[in-house]
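Below is one structure, written out as structure tokens; the observations come after it.
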Number of protein chains: 2
Amino acid sequence: MATPVDRRDVILERAADLFAKQGVAATTVREIAEAVGILSGSLYHHFASKDEIVDAIVTSFMEDLVTRYDAVLASESDPHAQLVGLVRASIATSAEHPHATEIYQNDARYLQADDGSAAVVKGARTVRSAWIQVLEGGAAAGVFRDDVPVKVVYPLLRDGLWLTARWFVPTRTYGYDELAADYVKVFVDGIAR
Amino acid sequence: MATPVDRRDVILERAADLFAKQGVAATTVREIAEAVGILSGSLYHHFASKDEIVDAIVTSFMEDLVTRYDAVLASESDPHAQLVGLVRASIATSAEHPHATEIYQNDARYLQADDGSAAVVKGARTVRSAWIQVLEGGAAAGVFRDDVPVKVVYPLLRDGLWLTARWFVPTRTYGYDELAADYVKVFVDGIAR
DNA sequence: TCCACCCTTCCAAGCGCTTGCTAGGGAGGC
DNA sequence: GCCTCCCTAGCAAGCGCTTGGAAGGGTGGA
């Protein structure tokens, strides 16, 4: 018999999958319950609301991400190394939370509309400032270009990076490490030969 | 008194705005009707269903995009010029259809789940092949790098580009042309100094 | 060891409300 | 009179969630 912790995790996992595929609004509690193998009323034994399920998924992802970013910035000081670290941390977090990124990308409005959870809002701010700090630091140090505003560079990097969760499927010969390396090549060196 | 064409356009415009902000599933026909200034039952005089509204918005955008892409590829043969052309065409189309891009990015699953409209599916294929053609042609011509697979380069470019619709707000001194130019700088030359 | 009690988890039925949409009829313009 | 556009009332289906009760397992005391 599953322990309480296990069932709760299964709900989060299945819900994350459905939310990512269909969007939060279009996913019913009945669908989530069916995917878990229980009836929808039973979900409310574990979570107070559908919103709370969403929050739990995204909060877990965001906390993991912030922890990894903090570790990168604490251990690297060279802008290029920091950038590589942030990319690797992002991709590793995305791999660890296979659907949270998709939910966050697609349903950020949903979270904001409900004023989100404090942890998510705070985490998002931390994530953004990590990147801005690295890009600005790199430009100041003469490592990164400064002719394109950081407020333009950052969203281009951000969106390319986070939407890898939507299309990337690792294979035996081309995994997350290879993706991170190629991402850095494309953005740091460009596609020109 | 508004002519039928005008009212229909107003519905599409208002619906596009709401769909982009909230997602298709989370936008009710009552909200759309209210934004237009009529009651929800009246929408069905102009459109057979809510889905048809979505389709009309996305189809119009996609047709415009394909037309612009075809024009670029017909008039440029140098890979770099083609890439610049595709970028400029994408950004121009995005500016012309302020919300369709957001809908397409967020609700592509929705469209696919309903087998979408033939025009959208066909258009999406055309769009993708235009990029692949340019990237592969450029690599073969020694203009673009060939050490990173095109199937990785393309989605990075694509996502950075299309999500500009989500964050970019033109100002008097930094408009769509400047964005296109900076996008090209970032992706073609990279951010390294 | 056995039994009563408690807790956890779930089922089942249903609530109040919302959704996309229908169909009948009215109003205004030509 | 006819046509276009809209209002109105309401339908059927479905939504997130509540509530009462059942079932199973664990624990402690006699």
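Naming works like this for the structure tokens: A, B, ... for the chains as they're shown, residue 1 at the start of each chain, ligands 1 onward in shown order.
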For chain A, work out the contacting residues on chain C at 9 Å, counting only C-alpha atoms (C1' of nucleotides), and write them as JSON, numbers by chain.
{"C": [8, 9, 10, 11, 12]}
Can you check which residues of chain A have any atom within 6 Å of chain B? Use only C-alpha atoms and format it as number ranges by chain.
A: 25-26, 106, 143-145, 156, 159-160, 187-193
DSSP alpha helix (DSSP H) residues within stretch 3-186 of chain B, listed as a VMD selection string:
chain B and resid 4 to 22 29 to 36 43 to 46 50 to 75 79 to 96 100 to 113 118 to 140 150 to 162 164 to 167 176 to 184
Please provide the set of residues having any atom within 8 Å of A:Ile32, restricted to only C-alpha atoms (C1' of nucleotides), with same-chain residues fewer than 2 positions apart removed, written as number ranges by chain.
A: 11, 14-15, 18, 27-30, 34-36, 40
For the selection you just gave me, I'd like the residues written to a file as a PDB file, in the first residue's frame, keeping all heavy atoms.
ATOM      1  N   ILE A  11       0.561  12.083  -7.859  1.00  0.00           N
ATOM      2  CA  ILE A  11      -0.376  13.113  -8.322  1.00  0.00           C
ATOM      3  C   ILE A  11       0.388  14.255  -8.987  1.00  0.00           C
ATOM      4  O   ILE A  11       0.045  14.702 -10.080  1.00  0.00           O
ATOM      5  CB  ILE A  11      -1.225  13.651  -7.146  1.00  0.00           C
ATOM      6  CG1 ILE A  11      -2.173  12.550  -6.644  1.00  0.00           C
ATOM      7  CG2 ILE A  11      -2.023  14.874  -7.593  1.00  0.00           C
ATOM      8  CD1 ILE A  11      -2.887  12.903  -5.331  1.00  0.00           C
ATOM      9  N   ARG A  14       1.858  13.090 -12.425  1.00  0.00           N
ATOM     10  CA  ARG A  14       0.852  12.930 -13.485  1.00  0.00           C
ATOM     11  C   ARG A  14       0.218  14.254 -13.871  1.00  0.00           C
ATOM     12  O   ARG A  14      -0.055  14.515 -15.033  1.00  0.00           O
ATOM     13  CB  ARG A  14      -0.257  11.971 -13.047  1.00  0.00           C
ATOM     14  CG  ARG A  14       0.196  10.565 -12.809  1.00  0.00           C
ATOM     15  CD  ARG A  14       0.369   9.790 -14.131  1.00  0.00           C
ATOM     16  NE  ARG A  14       0.460   8.364 -13.865  1.00  0.00           N
ATOM     17  CZ  ARG A  14       1.608   7.734 -13.627  1.00  0.00           C
ATOM     18  NH1 ARG A  14       2.738   8.396 -13.617  1.00  0.00           N
ATOM     19  NH2 ARG A  14       1.607   6.447 -13.405  1.00  0.00           N
ATOM     20  N   ALA A  15      -0.039  15.073 -12.869  1.00  0.00           N
ATOM     21  CA  ALA A  15      -0.623  16.386 -13.136  1.00  0.00           C
ATOM     22  C   ALA A  15       0.333  17.238 -13.966  1.00  0.00           C
ATOM     23  O   ALA A  15      -0.083  17.907 -14.919  1.00  0.00           O
ATOM     24  CB  ALA A  15      -0.969  17.094 -11.829  1.00  0.00           C
ATOM     25  N   LEU A  18       0.115  16.236 -17.570  1.00  0.00           N
ATOM     26  CA  LEU A  18      -1.105  16.716 -18.220  1.00  0.00           C
ATOM     27  C   LEU A  18      -1.117  18.233 -18.388  1.00  0.00           C
ATOM     28  O   LEU A  18      -1.499  18.749 -19.440  1.00  0.00           O
ATOM     29  CB  LEU A  18      -2.340  16.276 -17.409  1.00  0.00           C
ATOM     30  CG  LEU A  18      -2.637  14.782 -17.470  1.00  0.00           C
ATOM     31  CD1 LEU A  18      -3.654  14.393 -16.396  1.00  0.00           C
ATOM     32  CD2 LEU A  18      -3.180  14.398 -18.840  1.00  0.00           C
ATOM     33  N   THR A  27      -6.974  21.178 -18.276  1.00  0.00           N
ATOM     34  CA  THR A  27      -6.824  19.884 -17.612  1.00  0.00           C
ATOM     35  C   THR A  27      -7.799  19.812 -16.437  1.00  0.00           C
ATOM     36  O   THR A  27      -7.768  20.656 -15.554  1.00  0.00           O
ATOM     37  CB  THR A  27      -5.376  19.711 -17.088  1.00  0.00           C
ATOM     38  OG1 THR A  27      -4.466  19.761 -18.186  1.00  0.00           O
ATOM     39  CG2 THR A  27      -5.215  18.376 -16.378  1.00  0.00           C
ATOM     40  N   THR A  28      -8.657  18.813 -16.422  1.00  0.00           N
ATOM     41  CA  THR A  28      -9.650  18.696 -15.350  1.00  0.00           C
ATOM     42  C   THR A  28      -9.129  17.828 -14.217  1.00  0.00           C
ATOM     43  O   THR A  28      -8.265  16.976 -14.408  1.00  0.00           O
ATOM     44  CB  THR A  28     -10.955  18.073 -15.867  1.00  0.00           C
ATOM     45  OG1 THR A  28     -10.695  16.711 -16.262  1.00  0.00           O
ATOM     46  CG2 THR A  28     -11.492  18.825 -17.078  1.00  0.00           C
ATOM     47  N   VAL A  29      -9.730  18.056 -13.070  1.00  0.00           N
ATOM     48  CA  VAL A  29      -9.316  17.233 -11.931  1.00  0.00           C
ATOM     49  C   VAL A  29      -9.679  15.768 -12.164  1.00  0.00           C
ATOM     50  O   VAL A  29      -9.032  14.859 -11.661  1.00  0.00           O
ATOM     51  CB  VAL A  29      -9.916  17.751 -10.614  1.00  0.00           C
ATOM     52  CG1 VAL A  29      -9.300  19.083 -10.226  1.00  0.00           C
ATOM     53  CG2 VAL A  29     -11.434  17.824 -10.662  1.00  0.00           C
ATOM     54  N   ARG A  30     -10.717  15.513 -12.930  1.00  0.00           N
ATOM     55  CA  ARG A  30     -11.086  14.140 -13.263  1.00  0.00           C
ATOM     56  C   ARG A  30     -10.016  13.440 -14.105  1.00  0.00           C
ATOM     57  O   ARG A  30      -9.744  12.257 -13.918  1.00  0.00           O
ATOM     58  CB  ARG A  30     -12.443  14.107 -13.980  1.00  0.00           C
ATOM     59  CG  ARG A  30     -13.588  14.415 -13.020  1.00  0.00           C
ATOM     60  CD  ARG A  30     -14.883  14.746 -13.758  1.00  0.00           C
ATOM     61  NE  ARG A  30     -15.980  14.993 -12.813  1.00  0.00           N
ATOM     62  CZ  ARG A  30     -16.177  16.141 -12.198  1.00  0.00           C
ATOM     63  NH1 ARG A  30     -15.376  17.153 -12.408  1.00  0.00           N
ATOM     64  NH2 ARG A  30     -17.193  16.282 -11.355  1.00  0.00           N
ATOM     65  N   GLU A  34      -7.855  10.259 -12.922  1.00  0.00           N
ATOM     66  CA  GLU A  34      -7.822   9.039 -13.733  1.00  0.00           C
ATOM     67  C   GLU A  34      -6.391   8.599 -14.028  1.00  0.00           C
ATOM     68  O   GLU A  34      -6.067   7.417 -13.967  1.00  0.00           O
ATOM     69  CB  GLU A  34      -8.579   9.251 -15.043  1.00  0.00           C
ATOM     70  CG  GLU A  34      -8.615   7.978 -15.881  1.00  0.00           C
ATOM     71  CD  GLU A  34      -9.437   8.099 -17.153  1.00  0.00           C
ATOM     72  OE1 GLU A  34     -10.175   9.095 -17.301  1.00  0.00           O
ATOM     73  OE2 GLU A  34      -9.331   7.187 -18.003  1.00  0.00           O
ATOM     74  N   ALA A  35      -5.544   9.595 -14.335  1.00  0.00           N
ATOM     75  CA  ALA A  35      -4.142   9.287 -14.616  1.00  0.00           C
ATOM     76  C   ALA A  35      -3.470   8.670 -13.388  1.00  0.00           C
ATOM     77  O   ALA A  35      -2.531   7.878 -13.517  1.00  0.00           O
ATOM     78  CB  ALA A  35      -3.403  10.550 -15.053  1.00  0.00           C
ATOM     79  N   VAL A  36      -3.943   9.034 -12.208  1.00  0.00           N
ATOM     80  CA  VAL A  36      -3.360   8.513 -10.971  1.00  0.00           C
ATOM     81  C   VAL A  36      -3.987   7.169 -10.595  1.00  0.00           C
ATOM     82  O   VAL A  36      -3.373   6.348  -9.911  1.00  0.00           O
ATOM     83  CB  VAL A  36      -3.542   9.532  -9.826  1.00  0.00           C
ATOM     84  CG1 VAL A  36      -3.093   8.961  -8.496  1.00  0.00           C
ATOM     85  CG2 VAL A  36      -2.789  10.819 -10.142  1.00  0.00           C
ATOM     86  N   SER A  40     -11.752  11.712  -8.621  1.00  0.00           N
ATOM     87  CA  SER A  40     -11.339  13.109  -8.448  1.00  0.00           C
ATOM     88  C   SER A  40     -11.540  13.628  -7.029  1.00  0.00           C
ATOM     89  O   SER A  40     -10.757  14.455  -6.572  1.00  0.00           O
ATOM     90  CB  SER A  40     -12.059  14.014  -9.447  1.00  0.00           C
ATOM     91  OG  SER A  40     -13.450  13.998  -9.202  1.00  0.00           O
TER      92      SER A  40
END
For chain D against chain B, with a cut-off of 8 Å and counting only C-alpha atoms (C1' of nucleotides), what is the closest atom pair and its distance in Å to one decimal for every residue that makes the cut, ordered by chain and number, as a tab-separated table?
residue	atom	partner	partner_atom	distance
D:DC5	C1'	B:His45	CA	7.7
D:DC6	C1'	B:Ser42	CA	6.0
D:DC7	C1'	B:Leu39	CA	7.4
Find the spatial neighbours of stretch 52-69 of chain A, counting only C-alpha atoms (C1' of nucleotides), within a cut-off of 10 Å - ignore same-chain residues fewer than 2 positions away - and output them as a VMD selection string.
chain A and resid 8 to 9 11 to 13 15 to 16 19 24 43 46 to 50 71 to 75 82 85 to 94 96 to 104 107 to 108 110 to 111 116 to 127 130 to 131
Contact residues around C:DC17 with only C-alpha atoms (C1' of nucleotides) at 12 Å, ignoring same-chain residues under 5 positions, as an MDAnalysis selection string
chainID D and resid 14:17
Between atom CA of A:Tyr176 and atom CA of B:Val150, distance in Å (one decimal)
16.6 Å
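Distance-wise, atom CA of B:Pro170 and atom CA of B:Ala95 end up 9.6 Å apart.
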